[in-house]
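Colleague: My questions will all concern the structure given below.
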Amino acid sequence: MPVSRSINGAVAGGVAAAIWAAQQPLDKRLFGTDYDDLAILGKAVTRGDEWPYVGLALHLVNGAIFGAVYAQLRPFLVGPAPLRGLTAALAQNLAFWPLGSLSDRHHPASKELVPLSGNRRALAQATWRHALFGVVVGVLEHRLNAQREAEPPFVPVSSNGHGNIERAATATA
């Protein structure tokens, strides 16, 4: 797992999260709901006037973590870069959306937040946000890690006969 691949993925994820946050006021109007990821994150930590900044910081960190993990898993995904990113982000959205009911019940600011459980508009909005995020991550990570694409992955010889003996013999650790 090359560290530079993860760093580039984290940069891609951070940029994609910033784009998500920047367009969020627009999609609130478009989808007709005030569902706000920055509020969910920021108000979980603080109830003061600084919650938007805390929420943005946490959102950017989450995006960077996703991007770093995505960069390592990307070689196992199929299709062009935008599709790989889209698939990964929508899979994450699908996997975590049911946790919205926990947020509705246990979030410290749940009375100030849009309920997520059973909220189809919020689900559509979250799907849009993850789709945008995923495409941006897929494209940026691919471009940032393009030089790694030319390098063949390290494949040592395995005990079951798979692998390449020439590469195993000449590989440097």
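Starting from 1 in every chain, residues are counted up; chains themselves are A, B, ... following the order of the structure tokens, and ligands are numbered from 1 as listed.
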Could you give me, as an MDAnalysis selection string, the residues within 10 Å of Leu102 of chain A, counting only C-alpha atoms and dropping anything in the same chain fewer than 6 positions from it?
Modeller: chainID A and resid 110 116:117
Colleague: Those same residues, written as a PDB file, in the first residue's frame with C-alpha atoms?
Modeller:
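Output saved as selection-v7.pdb:
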```pdb
ATOM      1  CA  SER A 110     -31.833  16.105  17.048  1.00  0.00           C
ATOM      2  CA  LEU A 116     -33.708  11.416   8.275  1.00  0.00           C
ATOM      3  CA  SER A 117     -35.616   8.213   8.962  1.00  0.00           C
TER       4      SER A 117
END
```
Colleague: List every residue of segment 93-140 of chain A that has an atom at most 12 Å from any atom of segment 9-21 of chain A, giving for each one its closest atom pair and the distance in Å to one decimal, counting only C-alpha atoms, sorted by chain and then by ascending residue number, as JSON lines.
Modeller:
```
{"residue": "A:Gln125", "atom": "CA", "partner": "A:Trp20", "partner_atom": "CA", "distance": 11.2}
{"residue": "A:Ala126", "atom": "CA", "partner": "A:Trp20", "partner_atom": "CA", "distance": 10.3}
{"residue": "A:Thr127", "atom": "CA", "partner": "A:Trp20", "partner_atom": "CA", "distance": 11.6}
{"residue": "A:Trp128", "atom": "CA", "partner": "A:Trp20", "partner_atom": "CA", "distance": 9.6}
{"residue": "A:Arg129", "atom": "CA", "partner": "A:Trp20", "partner_atom": "CA", "distance": 6.2}
{"residue": "A:His130", "atom": "CA", "partner": "A:Trp20", "partner_atom": "CA", "distance": 8.2}
{"residue": "A:Ala131", "atom": "CA", "partner": "A:Trp20", "partner_atom": "CA", "distance": 9.8}
{"residue": "A:Leu132", "atom": "CA", "partner": "A:Trp20", "partner_atom": "CA", "distance": 7.1}
{"residue": "A:Phe133", "atom": "CA", "partner": "A:Ala16", "partner_atom": "CA", "distance": 5.2}
{"residue": "A:Gly134", "atom": "CA", "partner": "A:Ala16", "partner_atom": "CA", "distance": 7.7}
{"residue": "A:Val135", "atom": "CA", "partner": "A:Ala16", "partner_atom": "CA", "distance": 8.5}
{"residue": "A:Val136", "atom": "CA", "partner": "A:Ala16", "partner_atom": "CA", "distance": 5.5}
{"residue": "A:Val137", "atom": "CA", "partner": "A:Ala12", "partner_atom": "CA", "distance": 5.3}
{"residue": "A:Gly138", "atom": "CA", "partner": "A:Ala12", "partner_atom": "CA", "distance": 8.1}
{"residue": "A:Val139", "atom": "CA", "partner": "A:Ala12", "partner_atom": "CA", "distance": 8.4}
{"residue": "A:Leu140", "atom": "CA", "partner": "A:Ala12", "partner_atom": "CA", "distance": 5.3}
```
Colleague: So which residues touch Pro108 of chain A within 12 Å, counting only C-alpha atoms, skipping near sequence neighbours fewer than 3 positions away, as a list in words?
Modeller: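 Once the nearby chain positions are removed, what remains is Ala39, Ile40, Leu41, Gly42, Lys43, Ala44, Val45, Thr46, Arg47, Leu102, Ser103, Asp104, Arg105, Lys111, Glu112 and Leu113 of chain A.
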Colleague: DSSP on the backbone, then: every residue of chain A marked helix (DSSP H, G or I), written as JSON, numbers by chain.
Modeller: {"A": [3, 4, 5, 6, 7, 8, 9, 10, 11, 12, 13, 14, 15, 16, 17, 18, 19, 20, 21, 22, 23, 24, 25, 26, 27, 28, 29, 30, 31, 37, 38, 39, 40, 41, 42, 43, 44, 45, 51, 52, 53, 54, 55, 56, 57, 58, 59, 60, 61, 62, 63, 64, 65, 66, 67, 68, 69, 70, 71, 72, 73, 74, 75, 76, 81, 82, 83, 84, 85, 86, 87, 88, 89, 90, 91, 92, 93, 94, 95, 96, 97, 98, 99, 100, 101, 102, 103, 104, 105, 106, 110, 111, 112, 120, 121, 122, 123, 124, 125, 126, 127, 128, 129, 130, 131, 132, 133, 134, 135, 136, 137, 138, 139, 140, 141, 142, 143, 144, 146, 147, 148, 149, 165, 166, 167, 168, 169, 170]}
Colleague: Near Asn145 of chain A, within 12 Å and counting only C-alpha atoms, which residues show up once chain neighbours fewer than 3 positions away are dropped, as a short mmCIF file (atom, residue, chain, number, x, y, z; two decimals) with N, CA, C and O atoms, in the first residue's frame?
Modeller:
```cif
data_model
loop_
_atom_site.label_atom_id
_atom_site.label_comp_id
_atom_site.auth_asym_id
_atom_site.auth_seq_id
_atom_site.Cartn_x
_atom_site.Cartn_y
_atom_site.Cartn_z
N PRO A 2 1.08 1.84 -1.14
CA PRO A 2 1.92 3.03 -1.20
C PRO A 2 1.27 4.20 -0.46
O PRO A 2 0.09 4.50 -0.65
N VAL A 3 2.05 4.84 0.40
CA VAL A 3 1.55 5.96 1.18
C VAL A 3 1.17 7.13 0.27
O VAL A 3 0.16 7.80 0.50
N SER A 4 1.94 7.35 -0.79
CA SER A 4 1.63 8.46 -1.69
C SER A 4 0.26 8.28 -2.35
O SER A 4 -0.45 9.26 -2.59
N ARG A 5 -0.12 7.05 -2.61
CA ARG A 5 -1.45 6.79 -3.19
C ARG A 5 -2.53 7.23 -2.20
O ARG A 5 -3.52 7.86 -2.58
N SER A 6 -2.36 6.90 -0.93
CA SER A 6 -3.32 7.30 0.09
C SER A 6 -3.36 8.81 0.27
O SER A 6 -4.44 9.39 0.43
N ILE A 7 -2.21 9.45 0.25
CA ILE A 7 -2.16 10.91 0.40
C ILE A 7 -2.89 11.58 -0.76
O ILE A 7 -3.70 12.50 -0.56
N ASN A 8 -2.61 11.13 -1.97
CA ASN A 8 -3.31 11.69 -3.14
C ASN A 8 -4.81 11.44 -3.06
O ASN A 8 -5.62 12.30 -3.41
N GLY A 9 -5.19 10.27 -2.59
CA GLY A 9 -6.61 9.97 -2.42
C GLY A 9 -7.24 10.87 -1.36
O GLY A 9 -8.38 11.33 -1.52
N ALA A 10 -6.50 11.14 -0.29
CA ALA A 10 -7.00 12.04 0.76
C ALA A 10 -7.20 13.45 0.22
O ALA A 10 -8.19 14.12 0.54
N VAL A 11 -6.27 13.91 -0.60
CA VAL A 11 -6.43 15.23 -1.22
C VAL A 11 -7.67 15.25 -2.10
O VAL A 11 -8.49 16.18 -2.03
N ALA A 12 -7.85 14.21 -2.91
CA ALA A 12 -9.03 14.12 -3.77
C ALA A 12 -10.31 14.11 -2.94
O ALA A 12 -11.29 14.79 -3.26
N GLY A 67 -11.33 9.26 0.73
CA GLY A 67 -10.45 9.31 -0.43
C GLY A 67 -9.22 8.44 -0.28
O GLY A 67 -8.80 7.77 -1.23
N ALA A 68 -8.63 8.44 0.91
CA ALA A 68 -7.44 7.62 1.16
C ALA A 68 -7.76 6.13 1.06
O ALA A 68 -7.02 5.35 0.45
N TYR A 70 -10.39 4.85 -0.52
CA TYR A 70 -10.76 4.61 -1.91
C TYR A 70 -9.53 4.41 -2.79
O TYR A 70 -9.51 3.52 -3.64
N ALA A 71 -8.51 5.22 -2.58
CA ALA A 71 -7.29 5.12 -3.41
C ALA A 71 -6.64 3.75 -3.29
O ALA A 71 -6.08 3.23 -4.26
N GLN A 72 -6.73 3.14 -2.12
CA GLN A 72 -6.15 1.82 -1.94
C GLN A 72 -7.05 0.72 -2.51
O GLN A 72 -6.56 -0.29 -3.00
N ARG A 74 -9.28 1.21 -5.03
CA ARG A 74 -9.60 1.48 -6.44
C ARG A 74 -9.10 0.41 -7.41
O ARG A 74 -9.81 0.04 -8.34
N PRO A 75 -7.89 -0.13 -7.24
CA PRO A 75 -7.44 -1.15 -8.21
C PRO A 75 -8.35 -2.37 -8.29
O PRO A 75 -8.32 -3.11 -9.26
N ALA A 81 -12.71 5.85 -14.18
CA ALA A 81 -12.52 6.53 -12.90
C ALA A 81 -13.81 7.14 -12.34
O ALA A 81 -14.12 6.93 -11.16
N VAL A 137 -14.17 12.47 -6.60
CA VAL A 137 -13.10 11.65 -6.02
C VAL A 137 -12.50 10.74 -7.07
O VAL A 137 -11.27 10.63 -7.18
N GLY A 138 -13.35 10.08 -7.84
CA GLY A 138 -12.85 9.15 -8.86
C GLY A 138 -11.95 9.83 -9.87
O GLY A 138 -10.86 9.34 -10.18
N VAL A 139 -12.38 10.97 -10.37
CA VAL A 139 -11.60 11.69 -11.39
C VAL A 139 -10.31 12.25 -10.80
O VAL A 139 -9.22 12.08 -11.36
N LEU A 140 -10.42 12.94 -9.65
CA LEU A 140 -9.22 13.56 -9.06
C LEU A 140 -8.20 12.53 -8.61
O LEU A 140 -7.00 12.69 -8.84
N GLU A 141 -8.67 11.50 -7.94
CA GLU A 141 -7.73 10.47 -7.46
C GLU A 141 -7.03 9.82 -8.64
O GLU A 141 -5.82 9.58 -8.60
N HIS A 142 -7.75 9.56 -9.71
CA HIS A 142 -7.14 8.96 -10.90
C HIS A 142 -6.05 9.87 -11.46
O HIS A 142 -4.96 9.40 -11.81
N ARG A 148 1.23 6.27 -10.91
CA ARG A 148 1.24 4.93 -10.32
C ARG A 148 0.59 3.90 -11.26
O ARG A 148 0.84 2.73 -11.14
N GLU A 149 -0.28 4.37 -12.16
CA GLU A 149 -0.94 3.46 -13.09
C GLU A 149 0.06 2.76 -13.99
O GLU A 149 -0.15 1.62 -14.39
N ALA A 150 1.14 3.45 -14.33
CA ALA A 150 2.13 2.88 -15.23
C ALA A 150 2.97 1.80 -14.54
O ALA A 150 3.56 0.96 -15.19
N GLU A 151 3.02 1.85 -13.22
CA GLU A 151 3.80 0.87 -12.48
C GLU A 151 2.99 -0.39 -12.27
O GLU A 151 1.87 -0.33 -11.76
#
```
Colleague: For a quick check of understanding, using only C-alpha atoms, which of A:Ala109, A:Ala91, A:Leu38, A:Leu30 has the smallest distance to Leu58 of chain A?
Modeller: A:Leu38
Colleague: Calculated over only C-alpha atoms, which of the candidates A:Val69, A:Pro80, A:Gln24, A:Ala88 has the smallest distance to Leu56 of chain A?
Modeller: A:Gln24
Colleague: Please identify all polymer residues within 12 Å of Leu123 of chain A, counting only C-alpha atoms, omitting same-chain residues fewer than 6 positions from it, and present them as a list in words.
Modeller: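 The contact residues come out as Phe31, Gly32, Thr33, Tyr35, Asp36, Leu90, Asn93, Leu94, Phe96, Trp97, Pro98, Leu99, Gly100, Val114, Pro115, Leu116, Ser117, Arg129 and His130 of chain A.
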Colleague: Could those residues be written to a file, using N, CA, C and O atoms, as an mmCIF file, in the first residue's frame?
Modeller:
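Saved to again_9.cif:
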```cif
data_model
loop_
_atom_site.group_PDB
_atom_site.id
_atom_site.type_symbol
_atom_site.label_atom_id
_atom_site.label_comp_id
_atom_site.auth_asym_id
_atom_site.auth_seq_id
_atom_site.Cartn_x
_atom_site.Cartn_y
_atom_site.Cartn_z
ATOM 1 N N PHE A 31 -33.956 20.311 -3.555
ATOM 2 C CA PHE A 31 -34.671 19.165 -3.001
ATOM 3 C C PHE A 31 -35.759 19.565 -2.001
ATOM 4 O O PHE A 31 -36.524 18.722 -1.546
ATOM 5 N N GLY A 32 -35.806 20.844 -1.637
ATOM 6 C CA GLY A 32 -36.846 21.328 -0.740
ATOM 7 C C GLY A 32 -36.744 20.819 0.682
ATOM 8 O O GLY A 32 -37.761 20.608 1.351
ATOM 9 N N THR A 33 -35.535 20.609 1.163
ATOM 10 C CA THR A 33 -35.330 20.170 2.541
ATOM 11 C C THR A 33 -34.053 20.807 3.087
ATOM 12 O O THR A 33 -33.117 21.056 2.341
ATOM 13 N N TYR A 35 -31.945 19.439 5.116
ATOM 14 C CA TYR A 35 -30.979 18.426 5.544
ATOM 15 C C TYR A 35 -29.575 18.954 5.301
ATOM 16 O O TYR A 35 -29.233 19.360 4.205
ATOM 17 N N ASP A 36 -28.748 18.965 6.356
ATOM 18 C CA ASP A 36 -27.433 19.610 6.314
ATOM 19 C C ASP A 36 -26.396 18.727 6.996
ATOM 20 O O ASP A 36 -26.431 18.536 8.208
ATOM 21 N N LEU A 90 -21.702 5.753 -3.628
ATOM 22 C CA LEU A 90 -23.097 5.341 -3.479
ATOM 23 C C LEU A 90 -23.224 4.097 -2.603
ATOM 24 O O LEU A 90 -24.199 3.959 -1.852
ATOM 25 N N ASN A 93 -23.074 5.427 0.876
ATOM 26 C CA ASN A 93 -24.343 6.071 1.218
ATOM 27 C C ASN A 93 -25.402 5.025 1.550
ATOM 28 O O ASN A 93 -26.111 5.143 2.554
ATOM 29 N N LEU A 94 -25.499 4.003 0.712
ATOM 30 C CA LEU A 94 -26.479 2.945 0.925
ATOM 31 C C LEU A 94 -26.216 2.207 2.248
ATOM 32 O O LEU A 94 -27.146 1.894 2.992
ATOM 33 N N PHE A 96 -24.646 3.370 4.982
ATOM 34 C CA PHE A 96 -24.751 4.178 6.188
ATOM 35 C C PHE A 96 -26.087 4.905 6.344
ATOM 36 O O PHE A 96 -26.375 5.414 7.429
ATOM 37 N N TRP A 97 -26.913 5.005 5.303
ATOM 38 C CA TRP A 97 -28.160 5.741 5.416
ATOM 39 C C TRP A 97 -29.049 5.228 6.546
ATOM 40 O O TRP A 97 -29.659 6.032 7.266
ATOM 41 N N PRO A 98 -29.156 3.928 6.772
ATOM 42 C CA PRO A 98 -30.002 3.455 7.876
ATOM 43 C C PRO A 98 -29.592 3.991 9.252
ATOM 44 O O PRO A 98 -30.406 4.015 10.167
ATOM 45 N N LEU A 99 -28.361 4.451 9.393
ATOM 46 C CA LEU A 99 -27.929 5.022 10.669
ATOM 47 C C LEU A 99 -28.605 6.367 10.954
ATOM 48 O O LEU A 99 -28.506 6.889 12.068
ATOM 49 N N GLY A 100 -29.286 6.917 9.962
ATOM 50 C CA GLY A 100 -30.013 8.165 10.168
ATOM 51 C C GLY A 100 -31.045 8.059 11.274
ATOM 52 O O GLY A 100 -31.290 9.034 12.002
ATOM 53 N N VAL A 114 -33.165 18.121 10.588
ATOM 54 C CA VAL A 114 -34.184 17.480 9.765
ATOM 55 C C VAL A 114 -34.172 15.986 10.059
ATOM 56 O O VAL A 114 -33.105 15.355 10.001
ATOM 57 N N PRO A 115 -35.310 15.391 10.386
ATOM 58 C CA PRO A 115 -35.348 13.936 10.594
ATOM 59 C C PRO A 115 -34.969 13.203 9.306
ATOM 60 O O PRO A 115 -35.390 13.586 8.216
ATOM 61 N N LEU A 116 -34.181 12.159 9.447
ATOM 62 C CA LEU A 116 -33.708 11.416 8.275
ATOM 63 C C LEU A 116 -34.495 10.138 8.036
ATOM 64 O O LEU A 116 -34.709 9.737 6.899
ATOM 65 N N SER A 117 -34.915 9.487 9.089
ATOM 66 C CA SER A 117 -35.616 8.213 8.962
ATOM 67 C C SER A 117 -36.927 8.402 8.202
ATOM 68 O O SER A 117 -37.776 9.193 8.593
ATOM 69 N N ARG A 129 -25.620 14.097 -3.317
ATOM 70 C CA ARG A 129 -24.355 14.561 -2.742
ATOM 71 C C ARG A 129 -23.274 13.496 -2.867
ATOM 72 O O ARG A 129 -22.130 13.799 -3.206
ATOM 73 N N HIS A 130 -23.635 12.253 -2.573
ATOM 74 C CA HIS A 130 -22.647 11.176 -2.685
ATOM 75 C C HIS A 130 -22.259 10.917 -4.139
ATOM 76 O O HIS A 130 -21.112 10.580 -4.421
#
```
